[in-house]
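Colleague: Structure in structure tokens, see below.
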Amino acid sequence: MKGTSLGEFEELVLLTVGILYNDAYGLGIRDELEKQTGRNVMISSVHKALVRLEDKGFLSSYMGGATDERGGRKKRLYELTISGKKVLNRSKELRNSMWNSVPKVVWE
Amino acid sequence: MPPKWMMRFFRWFCRRDLVDAVEGDLLELYERRKSRSGKLIANSYFLWYVLTFCRPFALKKQTKRPSLNPLEMFKLQVKFAFRNMLRTRFYSFTNIFSLATGITAVILLMAFISKELSYDKFHEFGDRTYRFGYQLESENQPTRQLAWVSALAGPAAKERFPEIESFVRVRDCMGTMVSSQNEVYLEDKGFFAGDNFFDVFTFSMLGGDAATALDAPNKIVLTQSMATRYFGTDNPIGQQMELRMGDTLNLQVSAVMEDVPDNAHFSFDYLISHRTREALYPHIQGWFALGTHTYFRLAENASIENFSDKAEGMVMDIYGEEAQQIGFTIKLFTQPLWDIHLKSKLGNEIRANGDIQYVYIAAGIALIILLIAVFNFINLSIARSYHFMRQMGIRKVLGARKKQIFSQFITESLVSVFLAYGLAVALAVILLPYFNELVSRELAISWTGWMSLATLGGLLIMAAVVAGIYPALSVVTVHAAEAVKGKLGGRQKKSFTKEALIVTQFGLATLLVIAVLVIRGQLGYMMNSSLGFDKEQTAVIELWNNRAARSNTAVLKNALLQSPDISQVTASNSIPGELLLNRVGYPDGNEALSKVMFSLMVQDDFLELYGLEVVSGRGFSQELVTDQTEAFILNESAVAEFGWSNQEAIGRDFQWGSRSGKVIGVVGDFHYYSLQEQIPPMIILPTEGGVGFMSVKVTGQIRETVAMIEDEWKTLYPDQVLNLFFLDDNFNEQYQLESQLGRIISLFTSVAILIACFGLFSLSAIHVEQRTKEIGIRKVLGASVVGVLFLIGKFFLRLVLISFVFAIPTAWFLGDWWLSDFAFRMDLGPLVFIIAAMASLLVAGLTVITQALRAAVSNPVKTLRYE
């Protein structure tokens with residue numbers, strides 16, 4: 001297993017896979033990311049992140065339906081694995097606890 | 001859809017498991033983009049996206065195969081290479097042997113070439129050392145360049161031109177040498193040399209001080225081998241020696257130096273200080289008293305062009321008036337030291353130099369032989385590989401990859417090349433002494449030589465790779481199933497490569513044969529053509545060092561004439577092939593008509609002994625007293641130069657130097673020098689006693705007569721060493737370079753033809769083998785033996801004939817170029833080419849026919865059953 005740390009972009013991709021639930025494939029993830037963040041996202045960066053996340057065991061994939069607009073190519077559909085969910089949870093918890101540790105006065 | 005090539009490119013680099021998904025995404029994007037901005041823009045976006053995937057995560061992984069131990073594989077391949085070689089012993093042997101022969105020849109020739117190019121390179125300041133020469137110009141006469149100048153030129157130039165750092169004068173000096181220990185030898189390899197000799201030239205000293213070795217009269221420097229010859233193991237320095245050369249010089253050994261390397265353009269055994277000569281002959285100080293070679297070193301920052309321009313007029317500045325009177329302009333010119341051996345062919349060189357032409361010719365032959373050998377190797381490797389078609393087919397079936405088949409073939413040819421190379425180096429080392437004798441050089445396979453051997457090795461490895469790849473390609477392209485059956489696939493078609501290689505080989509071999517014929521022909525022409533005088537049966541005794549004999553030739557002459565084996569004896573100041581005095585002469589008291597003439601001073605029976613033909617007037621007569629002082633005989637060239645007919649010349653008043661007299665006769669032109677040179681305008685006049693050679697016409701047995709002359713000499717001049725040689729040997733030494741060249745080319749041509757024949761022999765053997773079945777069927781159907789011979793023969797003979805088309809014009813061009821150097825040359829008629837062509841055709845025909853015959857007489861029952 002490669003390292004289990006999570007980059008910022010990787011976390012976003014992981015979350016997007018969760019958002020899209022049943023239809024998480026490369027281009028779909030990119031579109032959602034662009035919509036959510038308002039940033040320009042390269043399709044190749046998305047795929048790179050997907051490959052790495054699958055290697056780390058946070059994602060699993062299966063080949064899914066082909067459509068005409070894809071020139072008859074199948075989609076590779078991604079879903080979160082248990083450790084994927086865990087790692088998202090962990091990072092959220094970490095964030096929350098750190099949020100809580102910030103003195104109120106800071107926000108005023 | 002985006003352009004196909006983009007998709008193909010993507011699929012080429014992208015890893016398999018990603019292809020579908022990513023391609024689908026890209027196509028979706030493409031469709032979106034197309035509907036928005038059109039096909040063109042969509043295309044370029046598509047390409048851009050594809051390119052962004054050229055990142056490690058998306059690239060194909062190196063497919064992992066069970067890794068093969070490379071060392072084991074290599075060992076296996078080498079083992080197979082040897083097995084395959086043994087299976088085709090005959091081809092492998094011819095292949096390796098002919099390649100080795102070729103490489104040996106090339107190694108030897110390269111040793112020769114690098115030696116020729118190394119002349120005088122060992123002098124520390126050689127790059128800015130030059131030699132002065134005289135260029136004689138006068139009206140109506142060709143300009144003449146001489147390698148020597150007056151002894152005055154060096155010191156005068158040094159005084160005038162600060163660019164000259166150092167100069168040295170060198171002048172021939174020979175005689176009978178006697179040491180304090182009474183060792184006596186005739187020495188002819190020595191010089192008077194100026195103080196700065198060891199400053200201008202670089203030689204290492206074994207004893208004594210180089211700076212002072214030649215700075216006073218009567219000092220002599222010996223080379224190591226000469227010192228050993230006279231003094232053995234004693235210390236030679238400080239010893240007394242005596243040189244008898246007319247005058248007797250008393251000398252003291254001041255230093256001993258290493259022997260002169262054989263790649264110096266002049267060599268010597270001893271040097272006597274030039275001051276000795278100055279003390280001895282202080283009166284000889286003319287600007288036209290030649291015979292001194294002058295070398296100088298230019299300052300580092302000076303340009304030789306500027307210097308030459310400045311120095312050119314020096315002689316005329318000092319000596320102008322006098323020179324004008326004799327009708328000359330003398331210009332001083334300079335020659336780089338490094339050009340002398342290969343490029344200088346002036347009159348009066350210290351010794352005959354080499355010739356850059358021969359370096360080119362040697363390089364050309366080396367290249368030709370290398371090409372023939374390499375082509376042969378490639379051809380034979382290709383032909384041989386058909387034997388392994390089945391083997392390779394089985395390898396393919398068992399899963400051998402292309403790469404492995406390639407490397408098997410390349411390993412095999414590399415092994416052959418290495419074997420050939422090793423064999424060649426060994427052969428070269430063994431043959432070097434014989435080759436040295438042939439070219440009369442002391443060649444060595446030196447360090448620089450090894451460097452070029454390495455280059456040669458690189459070239460051969462390239463050839464090996466080519467020779468391996470070509471058959472490998474033809475196997476790889478054949479389907480495994482076909483290959484297993486031993487079918488040749490595409491190879492049944494005529495192979496252009498193979499034919500082109502044979503044509504080139506035979507073209508080059510024919511070229512060499514023609515070269516041999518031309519060089520030998522010209523040599524024979526020069527040696528055998530009539531020179532206009534009789535050079536046979538003539539012994540010559542050199543008298544320059546024997547004052548007693550020179551001052552009274554009659555003593556020796558009469559003694560010799562007593563013998564019944566000697567018919568005539570005469571004496572002269574020169575003999576054909578030796579130097580002649582240049583001096584001006586003019587007719588009718590008209591100095592304006594002055595011409596430089598080569599002057600031969602003779603005793604009155606000279607014309608008779610040498611068989612010179614008097615074409616007009618008469619020869620010298622002993623009865624007429626006036627003939628001894630005021631008779632001149634001209635040759636036809638001289639007569640033509642004055643613009644007279646042979647008859648008009650007779651009876652003219654003539655002035656030559658301080659002598660005046662009448663022209664009494666004209667002799668037909670004869671070749672005083674080699675046929676390479678024009679016949680000079682000559683004047684023959686009675687000698688005033690200044691003779692240097694006695695010519696003896698021998699009618700009896702050579703050996704006994706020579707012994708008799710030796711006895712006679714010993715009785716008359718007991719303290720002098722006799723120097724006797726034969727006129728024809730001496731004269732033919734002028735052709736030494738050409739006869740050497742002839743020998744070298746003949747040898748290497750045989751090598752080239754041998755290699756080419758080896759190639760043709762094996763090729764026709766393979767050719768016959770491949771057609772065994774065809775020939776069997778033909779014979780069953782009634783083909784005759786002759787018919788089959790013709791069938792096989794015509795394939796090869798056609799190629800040999802085509803090769804002539806390329807070879808003959810090239811050979812004609814080159815032959816003409818070489819011959820253009822000779823003043824008198826043979827005709828380059830069609831005969832030479834016909835003979836060469838017939839010879840090549842015959843050799844090729846015989847080679848092929850021996851193989852074809854085997855097929856033609858074979859029993860068809862056997863050949864058809866061979867499967």
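The chains in the structure tokens are called A, B, ... from first to last as shown; in each chain the residues are counted from 1, and the ligands are counted from 1 in the order shown.
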Give me, as JSON lines, the closest atom pair and its distance (Å, one decimal) for every residue of chain A within a cut-off of 9 Å of chain B, counting only C-alpha atoms, rows sorted by chain and rising number.
Modeller:
```
{"residue": "A:Tyr25", "atom": "CA", "partner": "B:Ala21", "partner_atom": "CA", "distance": 8.2}
{"residue": "A:Gly26", "atom": "CA", "partner": "B:Asp25", "partner_atom": "CA", "distance": 6.5}
{"residue": "A:Leu27", "atom": "CA", "partner": "B:Asp25", "partner_atom": "CA", "distance": 5.5}
{"residue": "A:Gly28", "atom": "CA", "partner": "B:Asp25", "partner_atom": "CA", "distance": 8.7}
{"residue": "A:Met42", "atom": "CA", "partner": "B:Tyr49", "partner_atom": "CA", "distance": 8.3}
{"residue": "A:Ile43", "atom": "CA", "partner": "B:Tyr49", "partner_atom": "CA", "distance": 7.6}
{"residue": "A:Ser44", "atom": "CA", "partner": "B:Phe53", "partner_atom": "CA", "distance": 5.6}
{"residue": "A:Ser45", "atom": "CA", "partner": "B:Thr52", "partner_atom": "CA", "distance": 8.5}
{"residue": "A:His47", "atom": "CA", "partner": "B:Val22", "partner_atom": "CA", "distance": 7.8}
{"residue": "A:Lys48", "atom": "CA", "partner": "B:Phe57", "partner_atom": "CA", "distance": 6.4}
{"residue": "A:Val51", "atom": "CA", "partner": "B:Phe57", "partner_atom": "CA", "distance": 7.5}
{"residue": "A:Arg52", "atom": "CA", "partner": "B:Phe57", "partner_atom": "CA", "distance": 8.3}
{"residue": "A:Met63", "atom": "CA", "partner": "B:Ala21", "partner_atom": "CA", "distance": 8.2}
{"residue": "A:Ala66", "atom": "CA", "partner": "B:Gly24", "partner_atom": "CA", "distance": 8.6}
{"residue": "A:Thr67", "atom": "CA", "partner": "B:Gly24", "partner_atom": "CA", "distance": 9.0}
{"residue": "A:Glu69", "atom": "CA", "partner": "B:Glu28", "partner_atom": "CA", "distance": 5.7}
{"residue": "A:Arg70", "atom": "CA", "partner": "B:Gly24", "partner_atom": "CA", "distance": 4.7}
{"residue": "A:Gly71", "atom": "CA", "partner": "B:Leu27", "partner_atom": "CA", "distance": 6.6}
{"residue": "A:Gly72", "atom": "CA", "partner": "B:Gly24", "partner_atom": "CA", "distance": 7.6}
{"residue": "A:Arg73", "atom": "CA", "partner": "B:Gly24", "partner_atom": "CA", "distance": 5.0}
{"residue": "A:Lys74", "atom": "CA", "partner": "B:Ala21", "partner_atom": "CA", "distance": 6.2}
{"residue": "A:Lys75", "atom": "CA", "partner": "B:Ala21", "partner_atom": "CA", "distance": 5.2}
{"residue": "A:Arg76", "atom": "CA", "partner": "B:Ala21", "partner_atom": "CA", "distance": 5.3}
{"residue": "A:Leu77", "atom": "CA", "partner": "B:Ala21", "partner_atom": "CA", "distance": 8.8}
```
Colleague: Atoms to include: N, CA and C atoms. Write the selected residues as an mmCIF file, in the first residue's frame.
Modeller:
```
data_model
loop_
_atom_site.group_PDB
_atom_site.id
_atom_site.type_symbol
_atom_site.label_atom_id
_atom_site.label_comp_id
_atom_site.auth_asym_id
_atom_site.auth_seq_id
_atom_site.Cartn_x
_atom_site.Cartn_y
_atom_site.Cartn_z
ATOM 1 N N TYR A 25 -17.673 9.080 -13.038
ATOM 2 C CA TYR A 25 -16.621 8.710 -13.998
ATOM 3 C C TYR A 25 -15.820 9.960 -14.329
ATOM 4 N N GLY A 26 -14.696 9.796 -15.011
ATOM 5 C CA GLY A 26 -13.726 10.864 -15.216
ATOM 6 C C GLY A 26 -14.300 12.225 -15.542
ATOM 7 N N LEU A 27 -15.008 12.307 -16.670
ATOM 8 C CA LEU A 27 -15.458 13.612 -17.127
ATOM 9 C C LEU A 27 -16.524 14.190 -16.198
ATOM 10 N N GLY A 28 -17.406 13.256 -15.708
ATOM 11 C CA GLY A 28 -18.445 13.705 -14.791
ATOM 12 C C GLY A 28 -17.846 14.339 -13.551
ATOM 13 N N MET A 42 -8.111 20.260 -15.240
ATOM 14 C CA MET A 42 -7.678 19.448 -16.386
ATOM 15 C C MET A 42 -8.185 18.029 -16.259
ATOM 16 N N ILE A 43 -8.699 17.491 -17.351
ATOM 17 C CA ILE A 43 -9.207 16.130 -17.327
ATOM 18 C C ILE A 43 -8.104 15.128 -16.953
ATOM 19 N N SER A 44 -6.879 15.439 -17.425
ATOM 20 C CA SER A 44 -5.797 14.499 -17.121
ATOM 21 C C SER A 44 -5.446 14.502 -15.635
ATOM 22 N N SER A 45 -5.620 15.675 -14.984
ATOM 23 C CA SER A 45 -5.338 15.730 -13.548
ATOM 24 C C SER A 45 -6.358 14.886 -12.790
ATOM 25 N N HIS A 47 -7.908 12.238 -13.909
ATOM 26 C CA HIS A 47 -7.582 10.830 -14.087
ATOM 27 C C HIS A 47 -6.372 10.425 -13.269
ATOM 28 N N LYS A 48 -5.420 11.342 -13.205
ATOM 29 C CA LYS A 48 -4.232 11.013 -12.433
ATOM 30 C C LYS A 48 -4.609 10.781 -10.965
ATOM 31 N N VAL A 51 -6.403 7.448 -10.542
ATOM 32 C CA VAL A 51 -5.493 6.302 -10.554
ATOM 33 C C VAL A 51 -4.781 6.174 -9.218
ATOM 34 N N ARG A 52 -4.310 7.315 -8.712
ATOM 35 C CA ARG A 52 -3.581 7.269 -7.450
ATOM 36 C C ARG A 52 -4.484 6.832 -6.299
ATOM 37 N N MET A 63 -16.382 -1.229 -14.910
ATOM 38 C CA MET A 63 -16.714 -0.666 -16.213
ATOM 39 C C MET A 63 -18.223 -0.610 -16.343
ATOM 40 N N ALA A 66 -21.981 2.197 -21.895
ATOM 41 C CA ALA A 66 -21.444 3.003 -22.990
ATOM 42 C C ALA A 66 -22.536 3.888 -23.540
ATOM 43 N N THR A 67 -22.168 5.076 -23.988
ATOM 44 C CA THR A 67 -23.169 5.928 -24.647
ATOM 45 C C THR A 67 -22.636 6.326 -26.000
ATOM 46 N N GLU A 69 -22.474 9.291 -27.339
ATOM 47 C CA GLU A 69 -21.624 10.484 -27.397
ATOM 48 C C GLU A 69 -20.194 10.179 -26.970
ATOM 49 N N ARG A 70 -19.973 9.022 -26.381
ATOM 50 C CA ARG A 70 -18.610 8.596 -26.046
ATOM 51 C C ARG A 70 -18.003 7.728 -27.134
ATOM 52 N N GLY A 71 -18.573 7.742 -28.307
ATOM 53 C CA GLY A 71 -18.017 6.916 -29.386
ATOM 54 C C GLY A 71 -18.070 5.453 -29.025
ATOM 55 N N GLY A 72 -19.069 5.081 -28.211
ATOM 56 C CA GLY A 72 -19.247 3.671 -27.866
ATOM 57 C C GLY A 72 -18.294 3.173 -26.796
ATOM 58 N N ARG A 73 -17.515 4.106 -26.187
ATOM 59 C CA ARG A 73 -16.588 3.646 -25.139
ATOM 60 C C ARG A 73 -17.322 3.499 -23.817
ATOM 61 N N LYS A 74 -16.908 2.503 -23.056
ATOM 62 C CA LYS A 74 -17.522 2.327 -21.735
ATOM 63 C C LYS A 74 -16.949 3.362 -20.773
ATOM 64 N N LYS A 75 -17.741 3.651 -19.716
ATOM 65 C CA LYS A 75 -17.246 4.510 -18.642
ATOM 66 C C LYS A 75 -16.577 3.649 -17.593
ATOM 67 N N ARG A 76 -15.557 4.205 -16.981
ATOM 68 C CA ARG A 76 -15.052 3.537 -15.780
ATOM 69 C C ARG A 76 -15.676 4.256 -14.586
ATOM 70 N N LEU A 77 -16.508 3.563 -13.885
ATOM 71 C CA LEU A 77 -17.257 4.183 -12.785
ATOM 72 C C LEU A 77 -16.553 3.900 -11.465
#
```
Colleague: As an MDAnalysis selection string, please: the residues near Phe58 (chain A) (cut-off 8 Å, only C-alpha atoms, same-chain neighbours under 3 positions excluded).
Modeller: chainID A and resid 53:55 80:85 87
Colleague: I'd like the contact shell of Phe9 (chain A) - 10 Å cut-off, only C-alpha atoms, skipping same-chain residues fewer than 6 positions apart - returned as number ranges by chain.
Modeller: A: 15, 33, 45-46, 49
Colleague: List the spatial neighbours of Leu109 (chain B) as a PyMOL selection string - criterion: any atom at most 9 Å away, only C-alpha atoms, same-chain residues fewer than 5 positions off excluded.
Modeller: chain B and resi 104+114+362-363+365-366
Colleague: For the residues selected in the previous step, produce a file with N, CA and C atoms as a PDB file, in the first residue's frame.
Modeller:
```
ATOM      1  N   THR B 104      44.498  -7.681 -43.042  1.00  0.00           N
ATOM      2  CA  THR B 104      45.961  -7.690 -42.978  1.00  0.00           C
ATOM      3  C   THR B 104      46.538  -6.708 -43.986  1.00  0.00           C
ATOM      4  N   SER B 114      51.128   5.782 -42.671  1.00  0.00           N
ATOM      5  CA  SER B 114      51.428   6.632 -41.521  1.00  0.00           C
ATOM      6  C   SER B 114      52.928   6.908 -41.457  1.00  0.00           C
ATOM      7  N   ALA B 362      48.352   4.235 -52.208  1.00  0.00           N
ATOM      8  CA  ALA B 362      48.292   3.231 -51.141  1.00  0.00           C
ATOM      9  C   ALA B 362      46.967   3.327 -50.400  1.00  0.00           C
ATOM     10  N   ALA B 363      46.534   4.562 -50.115  1.00  0.00           N
ATOM     11  CA  ALA B 363      45.266   4.725 -49.411  1.00  0.00           C
ATOM     12  C   ALA B 363      44.126   4.189 -50.272  1.00  0.00           C
ATOM     13  N   ILE B 365      44.282   1.828 -52.544  1.00  0.00           N
ATOM     14  CA  ILE B 365      44.290   0.354 -52.549  1.00  0.00           C
ATOM     15  C   ILE B 365      43.733  -0.172 -51.239  1.00  0.00           C
ATOM     16  N   ALA B 366      44.145   0.457 -50.133  1.00  0.00           N
ATOM     17  CA  ALA B 366      43.652  -0.001 -48.827  1.00  0.00           C
ATOM     18  C   ALA B 366      42.132   0.070 -48.798  1.00  0.00           C
TER      19      ALA B 366
END
```
Colleague: Which residues, written as a list in words, have at least one atom at most 10 Å from Gly617 (chain B), with only C-alpha atoms counted and residues fewer than 2 positions away on the same chain left out?
Modeller: Val614, Val615, Gly619, Ile633, Asn646, Gln647, Ala649, Ile650, Gly651, Val663, Ile664, Gly665, Val666 and Val667 of chain B
